[in-house]
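> Next up, model_36.cif (mmCIF, C-alpha atoms and all ligand atoms).
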```cif
data_upload
#
loop_
_atom_site.label_atom_id
_atom_site.label_comp_id
_atom_site.auth_asym_id
_atom_site.auth_seq_id
_atom_site.Cartn_x
_atom_site.Cartn_y
_atom_site.Cartn_z
CA MET A 7 0.00 0.00 0.00
CA ASP A 8 1.16 3.60 -0.76
CA GLN A 9 2.86 5.12 2.28
CA LEU A 10 1.07 8.46 1.85
CA LEU A 11 1.37 9.23 5.56
CA LYS A 12 4.92 8.01 6.13
CA ASN A 13 6.49 9.70 9.22
CA LYS A 14 3.23 11.42 10.10
CA VAL A 15 1.49 11.39 13.48
CA SER A 16 -2.32 11.32 13.31
CA ILE A 17 -4.95 11.59 16.03
CA ILE A 18 -8.29 9.97 15.16
CA THR A 19 -11.16 10.69 17.54
CA GLY A 20 -14.00 8.19 17.61
CA GLY A 21 -11.42 5.75 16.27
CA CYS A 22 -12.98 2.64 17.82
CA SER A 23 -15.96 2.38 15.48
CA GLY A 24 -17.37 3.28 12.07
CA MET A 25 -15.52 5.87 9.99
CA GLY A 26 -12.98 6.58 12.72
CA LYS A 27 -12.05 2.90 12.90
CA ALA A 28 -11.79 2.69 9.10
CA GLY A 29 -9.52 5.74 9.32
CA VAL A 30 -7.33 4.09 11.97
CA GLU A 31 -6.92 1.00 9.78
CA LEU A 32 -6.20 2.96 6.60
CA PHE A 33 -3.90 5.60 8.14
CA THR A 34 -1.76 3.00 9.95
CA LYS A 35 -1.44 0.98 6.74
CA SER A 36 -0.45 4.22 4.97
CA GLY A 37 2.55 4.62 7.29
CA SER A 38 1.21 6.94 9.99
CA GLN A 39 1.66 6.57 13.71
CA VAL A 40 -1.98 6.71 14.77
CA ILE A 41 -3.44 7.66 18.14
CA ILE A 42 -6.95 6.33 18.71
CA ALA A 43 -8.64 8.95 20.93
CA ASP A 44 -11.95 7.45 22.01
CA ILE A 45 -14.05 7.16 25.15
CA ASN A 46 -14.50 3.38 24.71
CA GLU A 47 -11.49 1.85 26.50
CA GLU A 48 -12.35 -1.80 25.89
CA ALA A 49 -12.78 -1.36 22.14
CA GLY A 50 -9.72 0.90 21.95
CA ILE A 51 -7.38 -1.60 23.60
CA TYR A 52 -8.82 -4.41 21.49
CA LEU A 53 -8.19 -2.51 18.24
CA GLU A 54 -4.72 -1.43 19.39
CA ASN A 55 -3.78 -5.09 20.03
CA ILE A 56 -5.08 -6.30 16.67
CA LEU A 57 -3.19 -3.64 14.70
CA ARG A 58 0.02 -4.00 16.70
CA LYS A 59 0.02 -7.72 15.85
CA GLN A 60 0.18 -6.56 12.21
CA LYS A 61 3.26 -4.47 13.14
CA LEU A 62 1.33 -1.22 12.65
CA LYS A 63 2.10 1.87 14.74
CA VAL A 64 -0.94 2.57 16.90
CA ASP A 65 -1.60 3.78 20.45
CA PHE A 66 -4.94 4.02 22.21
CA ILE A 67 -5.38 6.95 24.62
CA LYS A 68 -8.74 7.06 26.39
CA THR A 69 -10.23 10.47 25.65
CA ASP A 70 -13.57 12.11 26.28
CA VAL A 71 -13.74 15.02 23.83
CA THR A 72 -16.31 16.82 26.03
CA ASP A 73 -13.78 17.15 28.85
CA THR A 74 -11.29 19.94 28.12
CA LYS A 75 -8.75 18.77 30.74
CA ASN A 76 -8.90 15.24 29.38
CA VAL A 77 -8.37 16.53 25.83
CA GLN A 78 -5.38 18.64 26.94
CA ASN A 79 -3.84 15.62 28.71
CA THR A 80 -4.24 13.52 25.54
CA ILE A 81 -2.55 16.18 23.38
CA ASN A 82 0.32 16.55 25.90
CA GLU A 83 0.73 12.78 26.00
CA VAL A 84 0.85 12.53 22.20
CA VAL A 85 3.45 15.31 21.95
CA ASN A 86 5.54 13.74 24.74
CA ARG A 87 5.49 10.35 23.03
CA PHE A 88 5.78 11.35 19.36
CA GLY A 89 7.00 14.97 19.31
CA LYS A 90 4.33 16.39 16.95
CA ILE A 91 0.81 16.12 15.52
CA ASP A 92 0.44 16.21 11.74
CA VAL A 93 -3.20 15.21 11.34
CA LEU A 94 -6.45 15.37 13.30
CA PHE A 95 -9.37 13.33 11.92
CA HIS A 96 -12.24 14.17 14.28
CA ASN A 97 -15.27 11.85 14.30
CA ALA A 98 -16.29 11.34 17.92
CA VAL A 99 -20.06 11.44 18.39
CA ASP A 100 -22.44 9.41 20.58
CA VAL A 101 -24.58 8.21 17.67
CA PRO A 102 -27.20 6.37 19.83
CA LEU A 103 -27.73 9.60 21.79
CA VAL A 104 -28.49 11.44 18.55
CA ASN A 105 -30.50 8.68 16.86
CA ASN A 106 -32.63 7.86 19.89
CA HIS A 107 -33.10 11.25 21.57
CA ASP A 108 -32.80 14.12 19.09
CA LYS A 109 -36.19 15.58 18.04
CA ARG A 110 -37.80 18.33 16.01
CA ILE A 111 -37.43 21.59 17.90
CA THR A 112 -40.93 21.74 19.41
CA GLU A 113 -40.46 18.40 21.21
CA LEU A 114 -36.72 18.67 21.90
CA PRO A 115 -35.91 18.62 25.63
CA GLU A 116 -33.42 21.29 26.72
CA GLU A 117 -31.29 18.60 28.34
CA ILE A 118 -30.87 16.73 25.01
CA TRP A 119 -30.10 19.96 23.15
CA HIS A 120 -27.34 20.72 25.66
CA LYS A 121 -25.94 17.16 25.59
CA ILE A 122 -25.71 17.06 21.80
CA THR A 123 -24.36 20.59 21.34
CA THR A 124 -21.82 19.99 24.13
CA LEU A 125 -20.64 16.78 22.52
CA ILE A 126 -20.39 18.12 18.98
CA VAL A 127 -19.69 21.85 19.30
CA ASP A 128 -17.71 21.95 22.55
CA GLY A 129 -15.97 18.65 21.75
CA THR A 130 -14.83 19.98 18.38
CA PHE A 131 -13.75 23.26 19.98
CA TYR A 132 -11.56 21.55 22.60
CA ILE A 133 -9.84 19.06 20.31
CA SER A 134 -9.31 21.60 17.51
CA LYS A 135 -8.03 24.26 19.91
CA TYR A 136 -5.35 22.13 21.55
CA VAL A 137 -4.32 20.25 18.40
CA GLY A 138 -4.24 23.64 16.63
CA GLN A 139 -1.92 25.10 19.29
CA GLN A 140 0.56 22.28 18.69
CA MET A 141 0.28 22.64 14.89
CA LEU A 142 0.99 26.39 15.23
CA LYS A 143 4.32 25.54 16.88
CA GLN A 144 5.15 23.25 13.96
CA LYS A 145 3.70 25.62 11.32
CA SER A 146 2.01 22.68 9.61
CA GLY A 147 -0.89 20.28 9.95
CA SER A 148 -4.17 19.05 8.51
CA ILE A 149 -7.41 19.11 10.50
CA ILE A 150 -10.33 17.09 9.13
CA LEU A 151 -13.70 17.49 10.84
CA THR A 152 -16.58 15.13 10.11
CA ALA A 153 -19.84 17.04 9.61
CA THR A 154 -22.83 15.59 7.70
CA THR A 155 -25.02 16.13 4.65
CA ASP A 156 -27.82 16.66 7.21
CA ALA A 157 -26.27 20.09 7.84
CA LEU A 158 -26.26 20.92 4.10
CA ILE A 159 -29.90 20.00 3.51
CA GLY A 160 -32.65 19.63 6.12
CA GLN A 161 -33.27 16.48 8.12
CA ALA A 162 -36.54 16.42 10.07
CA GLY A 163 -36.27 15.38 13.70
CA LEU A 164 -32.54 15.98 14.12
CA ASP A 165 -32.55 19.64 15.14
CA ALA A 166 -29.81 19.57 17.79
CA TYR A 167 -27.58 17.43 15.55
CA THR A 168 -28.02 19.52 12.40
CA ALA A 169 -27.51 22.78 14.31
CA SER A 170 -24.31 21.41 15.89
CA LYS A 171 -22.91 20.06 12.64
CA GLY A 172 -23.82 23.34 10.92
CA ALA A 173 -21.59 25.03 13.50
CA ILE A 174 -18.78 22.64 12.54
CA ILE A 175 -19.15 23.65 8.89
CA SER A 176 -18.89 27.36 9.77
CA LEU A 177 -16.00 26.70 12.13
CA THR A 178 -14.14 24.82 9.38
CA ARG A 179 -14.15 27.91 7.17
CA SER A 180 -13.16 30.42 9.85
CA MET A 181 -10.50 28.12 11.31
CA ALA A 182 -9.03 27.57 7.86
CA ALA A 183 -8.91 31.32 7.25
CA GLY A 184 -7.35 31.97 10.65
CA LEU A 185 -4.77 29.18 10.61
CA SER A 186 -3.72 29.11 6.95
CA PRO A 187 -1.07 31.86 7.32
CA GLU A 188 0.78 29.43 9.56
CA GLY A 189 0.55 26.41 7.30
CA ILE A 190 -2.44 24.64 8.84
CA ARG A 191 -5.24 23.32 6.65
CA VAL A 192 -8.80 22.68 7.85
CA ASN A 193 -11.46 20.77 5.89
CA ALA A 194 -14.83 19.21 6.64
CA ILE A 195 -16.26 16.00 5.24
CA CYS A 196 -20.04 15.68 4.93
CA PRO A 197 -20.90 12.00 4.57
CA GLY A 198 -24.25 10.78 3.30
CA PHE A 199 -25.67 7.68 5.02
CA VAL A 200 -22.82 5.35 5.94
CA GLU A 201 -23.17 1.72 6.98
CA THR A 202 -21.72 2.05 10.48
CA PRO A 203 -22.72 -0.27 13.34
CA HIS A 204 -25.21 2.07 15.02
CA GLN A 205 -26.87 3.09 11.74
CA MET A 206 -27.67 -0.52 10.91
CA ASN A 207 -30.55 -0.46 13.44
CA PHE A 208 -32.66 1.46 10.95
CA MET A 209 -30.73 0.91 7.72
CA ASN A 210 -31.60 -2.80 7.81
CA ASP A 211 -35.32 -1.94 7.59
CA PRO A 212 -36.21 -2.90 3.97
CA LYS A 213 -38.39 0.18 3.36
CA ILE A 214 -35.78 2.61 4.66
CA ARG A 215 -33.03 0.77 2.82
CA LYS A 216 -34.87 1.03 -0.51
CA GLU A 217 -35.37 4.77 0.01
CA LEU A 218 -31.71 5.28 0.91
CA GLU A 219 -30.62 3.25 -2.11
CA ASP A 220 -32.70 5.56 -4.34
CA LEU A 221 -31.11 8.64 -2.74
CA HIS A 222 -27.49 7.45 -3.01
CA LEU A 223 -26.67 7.43 -6.71
CA MET A 224 -23.58 5.24 -6.45
CA GLY A 225 -24.75 3.03 -3.58
CA ILE A 226 -24.93 3.53 0.19
CA LEU A 227 -21.57 4.54 1.64
CA GLN A 228 -19.16 2.33 3.57
CA PRO A 229 -16.89 3.67 6.35
CA GLU A 230 -13.89 2.99 4.08
CA ASP A 231 -15.24 5.48 1.50
CA ILE A 232 -14.96 8.26 4.07
CA ALA A 233 -11.58 7.05 5.33
CA GLU A 234 -10.14 7.14 1.79
CA PHE A 235 -11.18 10.75 1.35
CA ALA A 236 -9.83 11.65 4.80
CA LEU A 237 -6.53 10.03 3.81
CA PHE A 238 -6.33 12.33 0.78
CA LEU A 239 -7.04 15.39 2.95
CA ALA A 240 -4.51 14.22 5.53
CA SER A 241 -1.77 13.67 2.96
CA ASP A 242 0.47 16.12 1.12
CA LYS A 243 -1.53 15.33 -2.05
CA SER A 244 -4.07 17.97 -0.94
CA LEU A 245 -1.72 20.82 0.06
CA ARG A 246 -3.79 23.52 -1.70
CA ILE A 247 -7.14 22.35 -0.33
CA THR A 248 -8.41 24.13 2.77
CA GLY A 249 -11.59 25.71 4.14
CA ALA A 250 -13.68 23.40 1.97
CA ILE A 251 -16.81 21.44 2.80
CA HIS A 252 -16.62 18.14 0.93
CA ALA A 253 -19.83 16.18 0.37
CA VAL A 254 -18.75 12.54 0.24
CA ASP A 255 -22.29 11.36 -0.22
CA SER A 256 -22.76 9.18 -3.30
CA GLY A 257 -24.68 12.02 -4.94
CA TYR A 258 -27.17 12.40 -2.07
CA THR A 259 -27.16 16.22 -2.13
CA ALA A 260 -26.99 16.51 -5.91
CA PHE A 261 -30.69 16.21 -6.69
CA LYS A 262 -34.20 16.48 -5.29
CA GLY A 263 -34.88 12.84 -4.66
CA LYS A 264 -36.91 10.54 -6.85
CA MET A 265 -39.69 12.36 -8.71
CA ASP A 266 -42.00 9.60 -9.94
CA LEU A 267 -44.32 12.06 -11.68
CA PHE A 268 -41.43 13.60 -13.62
CA ASP A 269 -40.22 10.11 -14.57
CA GLN A 270 -43.66 9.31 -16.02
CA ILE A 271 -43.76 12.52 -18.09
CA THR A 272 -40.29 12.02 -19.57
CA SER A 273 -40.53 8.29 -20.24
N1 LIG A 301 -22.90 6.93 10.03
C1 LIG A 301 -23.49 7.84 9.30
O1 LIG A 301 -24.40 7.56 8.50
C2 LIG A 301 -23.04 9.30 9.40
C3 LIG A 301 -23.46 10.18 8.40
C4 LIG A 301 -23.01 11.49 8.44
C5 LIG A 301 -22.14 11.91 9.43
N2 LIG A 301 -21.73 11.03 10.41
C6 LIG A 301 -20.76 11.51 11.39
O2 LIG A 301 -19.57 10.76 11.22
C7 LIG A 301 -18.88 10.62 12.47
C8 LIG A 301 -18.63 9.17 12.74
O3 LIG A 301 -19.86 8.48 12.78
P1 LIG A 301 -19.93 6.89 12.88
O4 LIG A 301 -21.28 6.50 12.39
O5 LIG A 301 -18.72 6.33 12.26
O6 LIG A 301 -19.91 6.73 14.47
P2 LIG A 301 -19.76 5.43 15.42
O7 LIG A 301 -20.90 5.43 16.37
O8 LIG A 301 -19.52 4.20 14.60
O9 LIG A 301 -18.41 5.79 16.20
C9 LIG A 301 -18.35 6.92 17.03
C10 LIG A 301 -17.20 6.73 18.00
O10 LIG A 301 -17.13 7.90 18.83
C11 LIG A 301 -16.85 7.49 20.16
N3 LIG A 301 -17.29 8.51 21.12
C12 LIG A 301 -18.56 8.78 21.51
N4 LIG A 301 -18.56 9.79 22.40
C13 LIG A 301 -17.26 10.17 22.57
C14 LIG A 301 -16.62 11.15 23.37
N5 LIG A 301 -17.31 11.96 24.19
N6 LIG A 301 -15.28 11.27 23.30
C15 LIG A 301 -14.56 10.44 22.49
N7 LIG A 301 -15.11 9.48 21.73
C16 LIG A 301 -16.45 9.35 21.76
C17 LIG A 301 -17.58 6.16 20.31
O11 LIG A 301 -17.04 5.39 21.38
C18 LIG A 301 -17.36 5.51 18.94
O12 LIG A 301 -16.20 4.72 18.92
C19 LIG A 301 -19.76 11.30 13.49
O13 LIG A 301 -19.27 12.62 13.68
C20 LIG A 301 -21.13 11.33 12.84
O14 LIG A 301 -21.90 12.41 13.32
C21 LIG A 301 -22.17 9.74 10.42
#
```
Translate the structure described by the file into structure tokens.

Amino acid sequence: MDQLLKNKVSIITGGCSGMGKAGVELFTKSGSQVIIADINEEAGIYLENILRKQKLKVDFIKTDVTDTKNVQNTINEVVNRFGKIDVLFHNAVDVPLVNNHDKRITELPEEIWHKITTLIVDGTFYISKYVGQQMLKQKSGSIILTATTDALIGQAGLDAYTASKGAIISLTRSMAAGLSPEGIRVNAICPGFVETPHQMNFMNDPKIRKELEDLHLMGILQPEDIAEFALFLASDKSLRITGAIHAVDSGYTAFKGKMDLFDQITS
């Protein structure tokens, strides 16, 4: 495999599952030292062991992105062990919290709003701030934030999630503008629906699956599709790309959905 990330040090939040895990696997195989920063200790140690058996460079550091002190300790630990941070690929989100408790605004409990915005907005602030401070010292780095197509088009019933991810999209642009003079790039990826473990609860429903298949022009996404694009953004192949919001969505945001009536008229 191409060693696109040879000699690089990458932190991947949410690296125990879904897109983060696919990123850990791909980035290690691409030559990077990878730090899995995730709240799930059992899964983190398990993944670390598996990849180390393959002689890949990986360290798990238990991290709760909503806890600023914990985030600062993780960053200090990474710099002590490896001397630098080249890449942040930030995915951490409590997907069951969002899928099971987010609501349209009129039914959304304040407590859930605060939990989701804390996790996504504050969590992104803490990890980006302290990784960014280290990258400023180095005058280089690539920050990749995972947003969602749900923040580019509406998604009924996910008002705390879409508002939070919308903030990530805005933050991507202003961070890129602010940090670019010192060699740091910032990009956001907006995935469409991705077959990750927690999404399978509803994506296995035949009716929902059919609808999602119609909406994703090139097939429903796999975690590896997102990891491949993150690898490109992490690598020196994308040195002139910053401040951009990349829909990696199998065409999901390219059109208005299936219009049966229109199909009948044109056929
Ligand atoms: N799966 C999709 O269809 C989809 C679509 C668009 C965007 N996204 C976004 O992509 C990202 C990854 O989603 P996924 O489906 O791969 O998720 P996932 O549920 O498979 O993995 C999320 C990981 O984050 C970790 N985590 C949760 N809370 C944390 C915390 N406070 N601190 C550190 N780690 C924490 C979990 O332990 C888990 O390992 C998320 O930001 C999600 O919002 C997902």
> What is the atom CA of Gly29 of chain A to atom CA of Ile126 of chain A distance in Å?
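According to the coordinates, atom CA of Gly29 of chain A and atom CA of Ile126 of chain A are separated by 19.1 Å.
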> Return as an MDAnalysis selection string the residues of protein, DNA or RNA that approach ligand LIG 301 (chain A) to within 9 Å, with only C-alpha atoms and all ligand atoms taken into account.
chainID A and resid 19:28 43:47 49:50 68:73 96:102 104 125:126 129 151:156 167 171 195:206 227:229 232 255
> Fewer than 4 positions away in the same chain doesn't count, so skip those; otherwise give me all residues within 10 Å of Ile149 of chain A, counting all atoms listed in the file, as a PyMOL selection string.
chain A and resi 16-17+92-96+134+137-138+141+178+181-182+190-194+236+239-240+248
> List as a count of residues only: which residues have an atom within 12 Å of (-2.3, 22.9, 18.6), counting only C-alpha atoms?
35
> Find the distance between atom CA of Ser256 of chain A and atom CA of Ala233 of chain A and write it in Å to one decimal.
14.3 Å
> Name the closest residue to Glu116 of chain A among the candidates A:Leu245, A:Ile67, A:Leu103, A:Ala166; distances are taken between atoms, counting all atoms listed in the file.
A:Ala166
> Measure the distance from atom CA of Met209 of chain A to atom CA of Asn105 of chain A in Å and round it to one decimal.
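We find that atom CA of Met209 of chain A and atom CA of Asn105 of chain A lie 12.0 Å from each other.
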> Would you pick out the contacts of Lys61 of chain A at 10 Å or less, using only C-alpha atoms, so that residues sharing its chain but fewer than 6 positions from it are not included, and give the list as a list in words?
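Surrounding residues, per the criterion: Thr34, Lys35 and Asn55 of chain A.
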> So that I can see what lies close to Phe261 of chain A, please list as a CSV table (one decimal) with C-alpha atoms, keeping the file's coordinate frame the residues with an atom at most 12 Å from it, counting all atoms listed in the file and leaving out residues fewer than 6 positions away in the same chain.

```
chain,number,residue,atom,x,y,z
A,159,ILE,CA,-29.9,20.0,3.5
A,220,ASP,CA,-32.7,5.6,-4.3
A,221,LEU,CA,-31.1,8.6,-2.7
A,222,HIS,CA,-27.5,7.4,-3.0
A,223,LEU,CA,-26.7,7.4,-6.7
A,255,ASP,CA,-22.3,11.4,-0.2
```
> Restricting the calculation to all atoms listed in the file: of A:Ile226, A:Ala183, A:Asp165, A:Thr130, which residue gets closest to Pro115 of chain A?
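Of the candidates, the smallest distance to Pro115 of chain A is held by A:Asp165.
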> Using only C-alpha atoms, find the one residue out of A:Ser176, A:Asn106, A:Thr124, A:Gln60 that sits nearest to Thr74 of chain A.
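The answer is A:Thr124, which sits nearest to Thr74 of chain A.
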> Could you tell me which of A:Ile251, A:Val30, A:Leu164, A:Ile42 comes closest to Ile118 of chain A if we count only C-alpha atoms?
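Of A:Ile251, A:Val30, A:Leu164, A:Ile42, the one nearest Ile118 of chain A is A:Leu164, counting only C-alpha atoms.
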> Between A:Ala157, A:Arg215, A:Val64, A:Leu237, which one has atoms that come closest to Ala253 of chain A, using all atoms listed in the file?
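Once distances to Ala253 of chain A are computed over all atoms listed in the file, the minimum belongs to A:Ala157.
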> Which residues, written as an mmCIF file with C-alpha atoms, in the coordinates of the input, have at least one atom at most 9 Å from Gln39 of chain A, with all atoms listed in the file counted and residues fewer than 4 positions away on the same chain left out?

```cif
data_model
loop_
_atom_site.group_PDB
_atom_site.id
_atom_site.type_symbol
_atom_site.label_atom_id
_atom_site.label_comp_id
_atom_site.auth_asym_id
_atom_site.auth_seq_id
_atom_site.Cartn_x
_atom_site.Cartn_y
_atom_site.Cartn_z
ATOM 1 C CA LEU A 11 1.370 9.230 5.560
ATOM 2 C CA LYS A 12 4.920 8.010 6.130
ATOM 3 C CA ASN A 13 6.490 9.700 9.220
ATOM 4 C CA LYS A 14 3.230 11.420 10.100
ATOM 5 C CA VAL A 15 1.490 11.390 13.480
ATOM 6 C CA SER A 16 -2.320 11.320 13.310
ATOM 7 C CA ILE A 17 -4.950 11.590 16.030
ATOM 8 C CA PHE A 33 -3.900 5.600 8.140
ATOM 9 C CA THR A 34 -1.760 3.000 9.950
ATOM 10 C CA LEU A 62 1.330 -1.220 12.650
ATOM 11 C CA LYS A 63 2.100 1.870 14.740
ATOM 12 C CA VAL A 64 -0.940 2.570 16.900
ATOM 13 C CA ASP A 65 -1.600 3.780 20.450
ATOM 14 C CA PHE A 88 5.780 11.350 19.360
#
```
> Please determine an axis-aligned box that encloses all atoms of segment 61-68 of chain A listed in the file, with 6 Å added on each side, and express its centre and edge lengths in Å to one decimal as JSON.

```
{"center_x": -2.7, "center_y": 1.3, "center_z": 19.5, "size_x": 24.0, "size_y": 23.5, "size_z": 25.7}
```
> Between A:Ser38, A:Lys213, A:Leu158, A:Pro187, which residue has the minimum interatomic distance to Ile175 of chain A, considering only C-alpha atoms?
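Going through A:Ser38, A:Lys213, A:Leu158, A:Pro187 one by one, the smallest distance to Ile175 of chain A is for A:Leu158.
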